[in-house]
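A.B. asks: Data file my_file28.txt (compact mmCIF, C-alpha atoms) is appended below.
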```
# COMPACT_ATOMS: atom_id res chain seq x y z
CA PRO A 277 -82.58 141.59 62.36
CA THR A 278 -81.34 144.93 63.59
CA PRO A 279 -81.03 143.92 67.31
CA ILE A 280 -78.81 141.00 66.39
CA VAL A 281 -76.68 143.12 64.07
CA LEU A 282 -76.19 145.69 66.84
CA GLY A 283 -75.20 142.97 69.28
CA LEU A 284 -72.67 141.50 66.88
CA GLN A 285 -71.21 144.90 66.07
CA HIS A 286 -70.74 145.67 69.76
CA SER A 287 -69.00 142.32 70.30
CA LEU A 288 -66.51 143.20 67.58
CA ARG A 289 -65.67 146.65 68.90
CA ARG A 290 -62.71 145.16 70.78
CA PRO A 291 -61.58 142.34 68.45
CA ILE A 292 -58.32 141.56 70.29
CA GLU A 293 -59.97 141.16 73.68
CA ALA A 294 -62.84 139.19 72.16
CA SER A 295 -60.44 136.88 70.31
CA LEU A 296 -58.25 136.24 73.35
CA SER A 297 -61.24 135.46 75.55
CA ALA A 298 -62.68 133.11 72.91
CA VAL A 299 -59.34 131.31 72.52
CA SER A 300 -58.85 130.88 76.28
CA LEU A 301 -62.39 129.60 76.78
CA GLY A 302 -62.25 127.38 73.71
CA MET A 303 -58.95 125.80 74.72
CA SER A 304 -60.24 125.02 78.21
CA MET A 305 -63.19 123.21 76.63
CA ALA A 306 -60.90 121.50 74.09
CA VAL A 307 -58.63 120.11 76.81
CA ALA A 308 -61.58 118.65 78.72
CA GLY A 309 -63.10 117.22 75.54
CA ALA A 310 -59.82 115.73 74.34
CA ILE A 311 -59.21 114.05 77.69
CA LEU A 312 -62.69 112.54 77.56
CA VAL A 313 -62.24 111.26 73.98
CA VAL A 314 -58.83 109.78 74.80
CA HIS A 315 -60.16 108.23 78.00
CA LEU A 316 -63.10 106.52 76.27
CA THR A 317 -60.89 105.38 73.39
CA HIS A 318 -58.30 104.10 75.85
CA ALA A 319 -60.95 102.11 77.73
CA GLN A 320 -62.36 100.62 74.53
CA GLU A 321 -58.93 99.68 73.20
CA ILE A 322 -57.87 97.95 76.41
CA ASP A 323 -61.20 96.11 76.42
CA SER A 324 -60.59 95.01 72.85
CA SER A 325 -57.01 94.05 73.69
CA ILE A 326 -58.22 91.72 76.45
CA GLU A 327 -60.60 90.06 74.00
CA ARG A 328 -57.82 89.67 71.44
CA MET A 329 -55.27 88.38 73.92
CA SER A 330 -57.49 85.68 75.38
CA LEU A 331 -60.20 83.22 74.48
CA ASP A 332 -62.67 82.44 77.28
CA ALA A 333 -59.78 81.99 79.71
CA VAL A 334 -56.02 81.79 79.84
CA VAL A 335 -54.10 79.60 82.31
CA HIS A 336 -50.45 79.36 83.25
CA LEU A 337 -48.89 76.12 84.47
CA VAL A 338 -46.71 75.56 87.49
CA GLU A 339 -44.32 73.53 85.33
CA PRO A 340 -44.13 73.22 81.54
CA GLN A 341 -46.25 70.33 80.26
CA ASP A 342 -46.76 68.45 77.00
CA GLU A 343 -49.65 68.71 74.55
CA ASP A 344 -51.58 65.82 76.13
CA HIS A 345 -51.70 67.60 79.47
CA ILE A 346 -52.85 70.81 77.79
CA ALA A 347 -55.63 68.90 76.02
CA SER A 348 -56.78 67.39 79.33
CA VAL A 349 -57.10 70.87 80.85
CA GLY A 350 -59.33 71.92 77.97
CA ALA A 351 -61.42 68.75 78.25
CA ARG A 352 -61.88 69.33 81.99
CA ALA A 353 -63.36 72.76 81.15
CA GLY A 354 -65.71 71.15 78.63
CA GLY A 355 -63.95 72.73 75.66
CA GLN A 356 -60.60 72.92 73.94
CA ALA A 357 -57.18 74.22 74.89
CA GLU A 358 -54.51 75.74 72.68
CA ALA A 359 -50.94 75.47 73.96
CA ILE A 360 -48.94 78.67 74.41
CA ILE A 361 -45.55 79.78 75.66
CA SER A 362 -45.76 82.87 77.88
CA ARG A 363 -42.53 84.20 79.33
CA LEU A 364 -40.50 87.37 79.57
CA GLY A 365 -37.97 87.99 76.85
CA LEU A 366 -35.37 90.56 75.93
CA LEU A 367 -35.87 92.39 72.62
CA GLN A 368 -32.64 93.71 71.11
CA THR A 369 -32.96 96.33 68.35
CA GLY A 370 -30.73 98.93 66.80
CA THR A 371 -32.12 101.54 69.20
CA GLY A 372 -31.66 99.54 72.39
CA ALA A 373 -33.03 96.63 74.40
CA SER A 374 -36.22 96.20 76.43
CA PHE A 375 -38.09 93.43 78.25
CA HIS A 376 -41.48 92.31 76.97
CA ARG A 377 -43.93 89.46 77.42
CA VAL A 378 -43.27 86.88 74.70
CA ILE A 379 -46.26 84.76 73.68
CA GLY A 380 -45.70 81.77 71.45
CA ALA A 381 -48.81 80.33 69.82
CA ALA A 382 -49.69 77.94 67.04
CA GLU A 383 -52.24 78.64 64.35
CA GLY A 384 -55.69 78.31 65.86
CA ARG A 385 -58.79 80.11 66.96
CA TRP A 386 -56.98 82.55 69.23
CA LEU A 387 -54.16 83.53 66.88
CA SER A 388 -56.54 83.93 63.93
CA GLY A 389 -58.50 86.50 65.97
CA VAL A 390 -55.52 88.83 66.40
CA ARG A 391 -56.28 92.06 64.53
CA LEU A 392 -53.37 93.43 62.54
CA GLY A 393 -52.93 97.02 61.45
CA VAL A 394 -49.99 96.30 59.16
CA GLY A 395 -48.48 93.11 57.73
CA ARG A 396 -49.50 89.50 58.39
CA LEU A 397 -49.31 86.66 60.91
CA PRO A 398 -46.45 84.11 60.89
CA ARG A 399 -46.96 81.49 58.16
CA ALA A 400 -45.31 78.47 59.78
CA PRO A 401 -45.03 77.07 63.34
CA ASP A 402 -41.24 77.34 63.29
CA ALA A 403 -40.86 80.47 61.14
CA GLU A 404 -38.39 83.05 62.38
CA GLU A 405 -41.04 85.74 62.28
CA LEU A 406 -42.38 88.15 64.88
CA VAL A 407 -45.55 90.21 65.39
CA ILE A 408 -45.28 93.28 67.60
CA ASP A 409 -47.75 95.92 68.78
CA HIS A 410 -47.84 99.62 67.93
CA GLY A 411 -46.33 100.68 71.23
CA ILE A 412 -43.19 98.60 70.71
CA ALA A 413 -42.97 99.67 67.06
CA HIS A 414 -43.27 103.32 68.07
CA ARG A 415 -40.71 103.01 70.88
CA HIS A 416 -38.03 101.31 68.78
CA GLY A 417 -38.92 102.75 65.38
CA LEU A 418 -39.62 99.30 63.96
CA GLN A 419 -41.41 98.52 60.72
CA VAL A 420 -42.50 95.41 58.88
CA GLY A 421 -39.40 93.77 57.41
CA ASP A 422 -36.97 94.83 60.16
CA ASP A 423 -34.77 92.15 61.74
CA VAL A 424 -34.44 92.02 65.53
CA GLN A 425 -32.94 89.63 68.05
CA LEU A 426 -34.75 87.94 70.94
CA TYR A 427 -33.11 86.54 74.07
CA PRO A 428 -34.74 84.41 76.78
CA GLY A 429 -33.07 86.55 79.45
CA PRO A 430 -30.45 89.25 80.03
CA GLN A 431 -27.69 86.71 80.72
CA ALA A 432 -28.52 84.37 77.84
CA PRO A 433 -25.51 83.91 75.55
CA GLU A 434 -27.61 83.19 72.46
CA GLY A 435 -30.93 84.28 71.05
CA VAL A 436 -32.84 84.00 67.81
CA TRP A 437 -33.01 86.41 64.91
CA VAL A 438 -36.57 87.12 63.77
CA THR A 439 -38.16 89.37 61.17
CA VAL A 440 -41.05 91.67 62.01
CA VAL A 441 -43.92 90.57 59.73
CA GLY A 442 -46.90 92.27 61.40
CA ILE A 443 -47.95 95.03 63.77
CA VAL A 444 -51.00 94.44 65.96
CA ASP A 445 -53.67 97.10 65.69
CA GLY A 446 -54.92 98.71 68.88
CA PHE A 447 -53.64 99.73 72.27
CA SER A 448 -50.14 98.64 73.18
CA THR A 449 -50.01 95.67 75.55
CA GLY A 450 -46.24 95.30 75.33
CA THR A 451 -46.35 91.74 73.94
CA LEU A 452 -44.39 89.95 71.24
CA LEU A 453 -46.10 87.17 69.27
CA LEU A 454 -43.95 84.29 68.04
CA PRO A 455 -44.82 81.03 66.30
CA LEU A 456 -45.07 78.28 68.92
CA GLY A 457 -42.14 76.32 67.49
CA THR A 458 -39.87 79.37 67.47
CA ALA A 459 -40.82 80.21 71.07
CA ARG A 460 -40.06 76.64 72.14
CA ARG A 461 -36.66 76.86 70.51
CA LEU A 462 -35.98 80.24 72.16
CA TYR A 463 -36.71 78.90 75.66
CA GLY A 464 -35.54 75.32 75.16
CA LEU A 465 -39.01 73.85 75.70
CA THR A 466 -39.24 71.30 72.90
CA GLY A 467 -42.73 69.77 72.83
CA LEU A 468 -43.78 71.66 75.98
CA ALA A 469 -45.98 74.63 76.86
CA THR A 470 -46.19 76.98 79.84
CA GLY A 471 -49.88 77.78 79.50
CA ALA A 472 -53.00 77.46 77.40
CA GLN A 473 -55.83 79.45 75.87
CA ILE A 474 -59.14 77.86 76.87
CA ALA A 475 -62.32 77.92 74.77
CA SER A 476 -65.23 76.66 76.84
CA PRO A 477 -69.05 76.84 76.76
CA LEU A 478 -69.21 77.02 80.57
CA PRO A 479 -70.48 80.21 82.28
CA PRO A 480 -67.64 82.43 83.54
CA ALA A 481 -68.13 81.60 87.24
CA GLU A 482 -68.31 77.86 86.60
CA LEU A 483 -65.35 78.02 84.24
CA GLN A 484 -63.24 79.81 86.82
CA ALA A 485 -64.16 77.35 89.56
CA THR A 486 -63.43 74.37 87.32
CA LEU A 487 -60.04 75.65 86.22
CA LYS A 488 -58.97 76.68 89.72
CA SER A 489 -59.72 73.17 90.93
CA THR A 490 -57.49 71.72 88.21
CA PRO A 491 -54.13 70.62 89.63
CA GLY A 492 -50.93 72.01 88.15
CA LEU A 493 -52.21 75.49 87.29
CA ARG A 494 -50.37 78.50 88.67
CA ASP A 495 -53.04 81.09 87.83
CA VAL A 496 -56.33 81.39 85.97
CA HIS A 497 -57.67 84.46 84.16
CA VAL A 498 -61.25 84.39 82.88
CA ARG A 499 -61.79 86.99 80.20
CA ALA A 500 -65.31 87.98 81.26
CA PHE A 501 -64.18 88.86 84.80
CA ALA A 502 -61.12 90.74 83.57
CA THR A 503 -63.28 92.80 81.21
CA ASP A 504 -65.85 93.58 83.92
CA GLU A 505 -63.13 94.66 86.33
CA LEU A 506 -61.61 96.92 83.71
CA ARG A 507 -64.95 98.54 82.91
CA ALA A 508 -65.65 99.12 86.59
CA ASN A 509 -62.29 100.85 87.01
CA PHE A 510 -62.97 103.16 84.07
CA GLN A 511 -66.53 104.08 85.09
CA GLY A 512 -65.36 106.14 88.05
CA MET A 513 -62.83 108.04 85.96
CA THR A 514 -65.42 108.62 83.23
CA ALA A 515 -67.76 110.24 85.76
CA ILE A 516 -64.97 112.52 86.98
CA ILE A 517 -64.14 113.61 83.43
CA PHE A 518 -67.81 114.29 82.66
CA ILE A 519 -67.95 116.50 85.77
CA ALA A 520 -64.80 118.31 84.58
CA MET A 521 -66.42 118.90 81.19
CA PHE A 522 -69.56 120.27 82.85
CA LEU A 523 -67.48 122.57 85.04
CA SER A 524 -65.55 123.83 82.02
CA ALA A 525 -68.86 124.62 80.31
CA MET A 526 -70.05 126.45 83.43
CA VAL A 527 -66.81 128.45 83.50
CA VAL A 528 -67.56 129.58 79.96
CA VAL A 529 -71.11 130.55 80.93
CA VAL A 530 -70.02 132.48 84.05
CA TYR A 531 -67.16 134.20 82.23
CA ILE A 532 -69.42 135.35 79.42
CA ALA A 533 -72.02 136.44 81.98
CA VAL A 534 -69.46 138.67 83.72
CA LEU A 535 -68.42 140.20 80.40
CA SER A 536 -72.06 140.78 79.47
CA GLY A 537 -72.73 142.53 82.77
CA LEU A 538 -69.75 144.84 82.29
CA ASP A 539 -70.77 145.56 78.71
CA ALA A 540 -74.28 146.37 79.84
CA GLU A 541 -72.96 149.05 82.21
CA GLU A 542 -70.96 150.52 79.36
CA ARG A 543 -73.86 150.41 76.91
CA ALA A 544 -76.55 151.63 79.30
CA PRO A 545 -76.94 155.04 77.55
CA GLU A 546 -77.16 153.35 74.16
CA LEU A 547 -79.78 150.85 75.30
CA ALA A 548 -81.70 153.58 77.15
CA THR A 549 -81.83 155.62 73.97
CA LEU A 550 -83.18 152.68 72.03
CA GLU A 551 -85.83 152.08 74.67
CA ALA A 552 -86.75 155.76 74.72
CA ILE A 553 -87.41 155.80 70.98
CA GLY A 554 -89.71 152.82 71.26
CA TRP A 555 -87.65 149.66 71.03
CA PRO A 556 -89.44 146.78 72.83
CA SER A 557 -87.79 144.94 75.67
CA SER A 558 -87.54 141.77 73.57
CA ALA A 559 -85.43 143.57 70.98
CA LEU A 560 -83.09 144.94 73.64
CA LEU A 561 -82.75 141.49 75.15
CA ALA A 562 -81.97 140.12 71.67
CA THR A 563 -78.95 142.41 71.42
CA SER A 564 -77.53 141.00 74.67
CA ILE A 565 -78.28 137.40 73.70
CA SER A 566 -76.65 137.85 70.28
CA GLU A 567 -73.45 139.06 71.97
CA VAL A 568 -73.53 136.09 74.33
CA TYR A 569 -74.07 133.58 71.54
CA LEU A 570 -71.34 135.06 69.38
CA ARG A 571 -68.79 134.68 72.17
CA GLY A 572 -70.03 131.20 73.06
CA ILE A 573 -70.08 129.98 69.45
CA LEU A 574 -66.56 131.33 68.87
CA ALA A 575 -65.35 129.47 71.96
CA MET A 576 -67.07 126.24 70.85
CA ALA A 577 -65.70 126.56 67.32
CA ILE A 578 -62.17 126.91 68.66
CA ALA A 579 -62.76 123.94 70.99
CA LEU A 580 -64.03 121.71 68.18
CA LEU A 581 -61.13 122.72 65.93
CA ALA A 582 -58.50 122.21 68.62
CA THR A 583 -59.84 118.96 70.08
CA PRO A 584 -58.81 116.67 67.15
CA THR A 585 -55.23 117.98 67.34
CA LEU A 586 -55.10 117.42 71.09
CA VAL A 587 -56.60 113.93 70.72
CA ASP A 588 -54.05 113.07 68.04
CA TRP A 589 -51.18 114.30 70.20
CA LEU A 590 -52.37 112.50 73.33
CA LEU A 591 -53.05 109.20 71.56
CA GLY A 592 -49.77 109.47 69.70
CA ASN A 593 -47.90 109.73 72.99
CA ILE A 594 -49.94 106.98 74.64
CA ALA A 595 -50.03 104.39 71.88
CA GLY A 596 -48.49 105.68 68.65
CA ALA A 597 -51.23 103.92 66.68
CA SER A 598 -52.84 105.64 63.71
CA GLN A 599 -55.77 103.24 63.61
CA ILE A 600 -56.74 104.21 67.16
CA HIS A 601 -57.00 107.83 66.02
CA LEU A 602 -59.63 106.83 63.46
CA ARG A 603 -61.71 104.90 65.99
CA ALA A 604 -61.58 107.86 68.38
CA ILE A 605 -64.11 109.57 66.11
CA SER A 606 -66.79 107.26 67.51
CA HIS A 607 -66.38 108.96 70.90
CA TRP A 608 -67.20 112.47 69.71
CA THR A 609 -70.82 112.13 70.83
CA PRO A 610 -70.12 113.29 74.43
CA CYS A 611 -68.33 116.37 73.08
CA LEU A 612 -71.25 117.23 70.81
CA ILE A 613 -73.66 116.73 73.70
CA SER A 614 -71.53 119.08 75.78
CA ALA A 615 -71.63 121.67 72.99
CA GLY A 616 -75.41 121.39 72.78
CA LEU A 617 -75.70 121.76 76.55
CA LEU A 618 -73.58 124.89 76.38
CA LEU A 619 -75.87 126.36 73.72
CA LEU A 620 -78.81 125.79 76.04
CA LEU A 621 -77.01 127.40 78.98
CA LEU A 622 -75.74 130.45 77.11
CA PRO A 623 -78.99 132.48 77.50
CA LEU A 624 -78.33 132.42 81.25
CA SER A 625 -75.22 134.50 80.56
CA SER A 626 -77.38 137.35 79.30
CA LEU A 627 -79.33 137.66 82.56
CA PRO A 628 -76.68 139.78 84.40
CA ALA A 629 -76.61 142.17 81.44
CA TRP A 630 -80.39 142.42 81.42
CA ARG A 631 -80.53 142.99 85.19
CA ALA A 632 -77.78 145.61 85.01
CA PHE A 633 -79.72 147.51 82.37
CA ARG A 634 -83.12 147.19 84.05
CA LYS A 635 -81.77 148.45 87.38
CA THR A 636 -81.03 151.85 85.80
CA PRO A 637 -84.07 153.85 84.65
CA PRO A 638 -83.79 155.09 81.05
CA ALA A 639 -83.93 158.75 82.16
CA VAL A 640 -80.86 158.29 84.39
CA SER A 641 -78.94 156.59 81.61
CA LEU A 642 -79.89 159.29 79.13
CA ARG A 643 -78.50 161.98 81.46
CA ARG A 644 -75.05 160.42 80.97
CA LEU A 645 -75.21 161.39 77.33
CA GLY A 646 -75.06 165.04 78.33
```
Write the structure described by the file as structure tokens, please.
C.D. replies:
Amino acid sequence: PTPIVLGLQHSLRRPIEASLSAVSLGMSMAVAGAILVVHLTHAQEIDSSIERMSLDAVVHLVEPQDEDHIASVGARAGGQAEAIISRLGLLQTGTGASFHRVIGAAEGRWLSGVRLGVGRLPRAPDAEELVIDHGIAHRHGLQVGDDVQLYPGPQAPEGVWVTVVGIVDGFSTGTLLLPLGTARRLYGLTGLATGAQIASPLPPAELQATLKSTPGLRDVHVRAFATDELRANFQGMTAIIFIAMFLSAMVVVVYIAVLSGLDAEERAPELATLEAIGWPSSALLATSISEVYLRGILAMAIALLATPTLVDWLLGNIAGASQIHLRAISHWTPCLISAGLLLLLLPLSSLPAWRAFRKTPPAVSLRRLG
């Protein structure tokens, strides 16, 4: 339609200014959208990490105990217990050394639930094999097949050489997974364990009360409560980010409204001429709306094109995990909703232009042509 064509042509009269404004508006929307996607992905990955790193509960003992004691703890909770070693250890690689939580576990329900992005789990209880997470792999440049050395502490004269056989998929929790026998040899805890993974049919509150009343336990962590606490912490931040996205959309609307008002003053003689020769008000309004939508759509297109790159960069610096990037796609819905909301709000940006034109009678505007 002719009104729309005229509006688009007027928007392209100053291509450099139009492009710069679209880029600045689009990048502001892209930053807000990328932060939201990363935030939601981050929350989901930590939630998944808690589920992977624990059965119904995990307990740590005051003193290392044997397998019979571990089994009695599980029986007290009405379920089963899997012995683990959980202590700090020093990882020595070719790029340096760093402290991490070392978890030694035998084959069982918990270890079989660990999701790997690359490689496999250790094949034997005493195998000199190691599973790391993406954060550690990214930090030290490690890959499956690399040999590293583990020490029980910074002053330990001897450690164990292990081969990286797997990389855990998901958010980095900074943990190293060893076969239970290898972890016992590393810390000199033959036949003993420092904690246990508990699988129990009891409700979370009852399970926590039962385990806390068990003598010999240093601390108790029930997965359901840890997950709820995490979600509660993220809900407040999610609301803040949604508000930031809404404000960025409103900035786009207001900015385009200001430009439309200024353009209307400039085009007053042109619009007055069109009205004088019989153009209806709806057609004149269509020219203003077409300009508004062109600018808004350009800004949204730039935002949607830039957001994946920003998400990839942010997640790469947070976790260094390619699989997380793929799952981030599931969080694009809020960004699309924001884009749809902006499309609905864009007609408001044409109101200042329409008011600016209607305030000036056509005869006055036509006099400017002389």
A.B. asks: So, counting all atoms listed in the file, which residue among A:Ala485, A:Ala459, A:Leu538, A:Ala310 is closest to Met521 of chain A?
C.D. replies: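 Closest to Met521 of chain A of all the choices is A:Ala310.
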A.B. asks: Find the spatial neighbours of Ala432 of chain A, counting only C-alpha atoms, within a cut-off of 12 Å - ignore same-chain residues fewer than 2 positions away - and output them as a list in words.
C.D. replies: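 Once the nearby chain positions are removed, what remains is Gly365, Leu366, Gln425, Leu426, Tyr427, Pro428, Gly429, Pro430, Glu434, Gly435, Val436, Leu462, Tyr463 and Gly464 of chain A.
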A.B. asks: Between atom CA of Thr451 of chain A and atom CA of Gln356 of chain A, what is the spacing in Å?
C.D. replies: 23.6 Å
A.B. asks: One decimal, Å: what's the distance from atom CA of Gln431 of chain A over to atom CA of Ala359 of chain A, could you say?
C.D. replies: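 Value for the atom CA of Gln431 of chain A-atom CA of Ala359 of chain A distance: 26.7 Å.
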A.B. asks: Do you know which residues lie at most 10 Å from (-60.1, 122.8, 69.5), with coordinates as in the file and only C-alpha atoms counted, and could you write them as a list in words?
C.D. replies: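 Protein and nucleic acid residues near the point are Val299, Gly302, Met303, Ser304, Met305, Ala306, Val307, Gly309, Ala310, Ala575, Met576, Ala577, Ile578, Ala579, Leu580, Leu581, Ala582, Thr583, Pro584, Thr585, Leu586 and Val587 of chain A.
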A.B. asks: Which centre and edge lengths in Å to one decimal define the box along x, y and z that fits every listed atom of segment 373-379 of chain A plus 4 Å per side, as lines of an AutoDock Vina configuration file?
C.D. replies:
```
center_x = -39.6
center_y = 90.7
center_z = 76.0
size_x = 21.2
size_y = 19.9
size_z = 12.6
```
A.B. asks: When you count only C-alpha atoms, which of these residues is closest to Ile532 of chain A: A:Leu574, A:Val440, A:Ala353, A:Ala469?
C.D. replies: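 Distance minimum relative to Ile532 of chain A lands on A:Leu574.
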A.B. asks: My list of candidates is A:Ile311, A:Val378, A:Thr470, A:Glu404. Which is closest to Gly450 of chain A when distances are computed with all atoms listed in the file?
C.D. replies: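 Once distances to Gly450 of chain A are computed over all atoms listed in the file, the minimum belongs to A:Val378.
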A.B. asks: Please determine, counting only C-alpha atoms, which residue among A:Pro491, A:Gly572, A:Pro556, A:Pro398 has the shortest atom-to-atom distance to Val528 of chain A.
C.D. replies: A:Gly572
A.B. asks: Under the rule that only C-alpha atoms are counted, which of A:Ile408, A:Ala382, A:Leu493, A:Leu590 is the nearest residue to Gly457 of chain A?
C.D. replies: A:Ala382
A.B. asks: One decimal, Å: what's the distance from atom CA of Ala298 of chain A over to atom CA of Ala525 of chain A, could you say?
C.D. replies: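 A separation of 12.8 Å between them.
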A.B. asks: At a cut-off of 6 Å, using all atoms listed in the file, what residues contact Ile360 of chain A? Leave out same-chain residues fewer than 3 positions from it and give the result as a list in words.
C.D. replies: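 Neighbouring residues, sequence-local ones excluded: Gly380, Ala381, Ala469, Gly471 and Ala472 of chain A.
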A.B. asks: Skipping near chain neighbours, those fewer than 6 positions away, what residues fall within 8 Å of segment 413-421 of chain A using only C-alpha atoms, listed as a PyMOL selection string?
C.D. replies: chain A and resi 369-372+394-395+439-443+595-596
A.B. asks: Keeping C-alpha atoms, export the residues of the selection given above as a PDB file, in the frame of the given file.
C.D. replies:
```
ATOM      1  CA  THR A 369     -32.960  96.330  68.350  1.00  0.00           C
ATOM      2  CA  GLY A 370     -30.730  98.930  66.800  1.00  0.00           C
ATOM      3  CA  THR A 371     -32.120 101.540  69.200  1.00  0.00           C
ATOM      4  CA  GLY A 372     -31.660  99.540  72.390  1.00  0.00           C
ATOM      5  CA  VAL A 394     -49.990  96.300  59.160  1.00  0.00           C
ATOM      6  CA  GLY A 395     -48.480  93.110  57.730  1.00  0.00           C
ATOM      7  CA  THR A 439     -38.160  89.370  61.170  1.00  0.00           C
ATOM      8  CA  VAL A 440     -41.050  91.670  62.010  1.00  0.00           C
ATOM      9  CA  VAL A 441     -43.920  90.570  59.730  1.00  0.00           C
ATOM     10  CA  GLY A 442     -46.900  92.270  61.400  1.00  0.00           C
ATOM     11  CA  ILE A 443     -47.950  95.030  63.770  1.00  0.00           C
ATOM     12  CA  ALA A 595     -50.030 104.390  71.880  1.00  0.00           C
ATOM     13  CA  GLY A 596     -48.490 105.680  68.650  1.00  0.00           C
TER      14      GLY A 596
END
```
A.B. asks: Just the residues within 7 Å of segment 479-483 of chain A, please, counting only C-alpha atoms, with nothing from its chain fewer than 3 positions along; format it as a list in words.
C.D. replies: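 Result of the neighbour search: Ala353, Thr486, Leu487, Val498 and Ala500 of chain A.
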A.B. asks: With all atoms listed in the file as the basis for distance, which of A:Leu570, A:Phe375, A:Ser476, A:Thr490 is at the shortest distance from Ala357 of chain A?
C.D. replies: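 Among the listed residues, the smallest separation from Ala357 of chain A belongs to A:Ser476.
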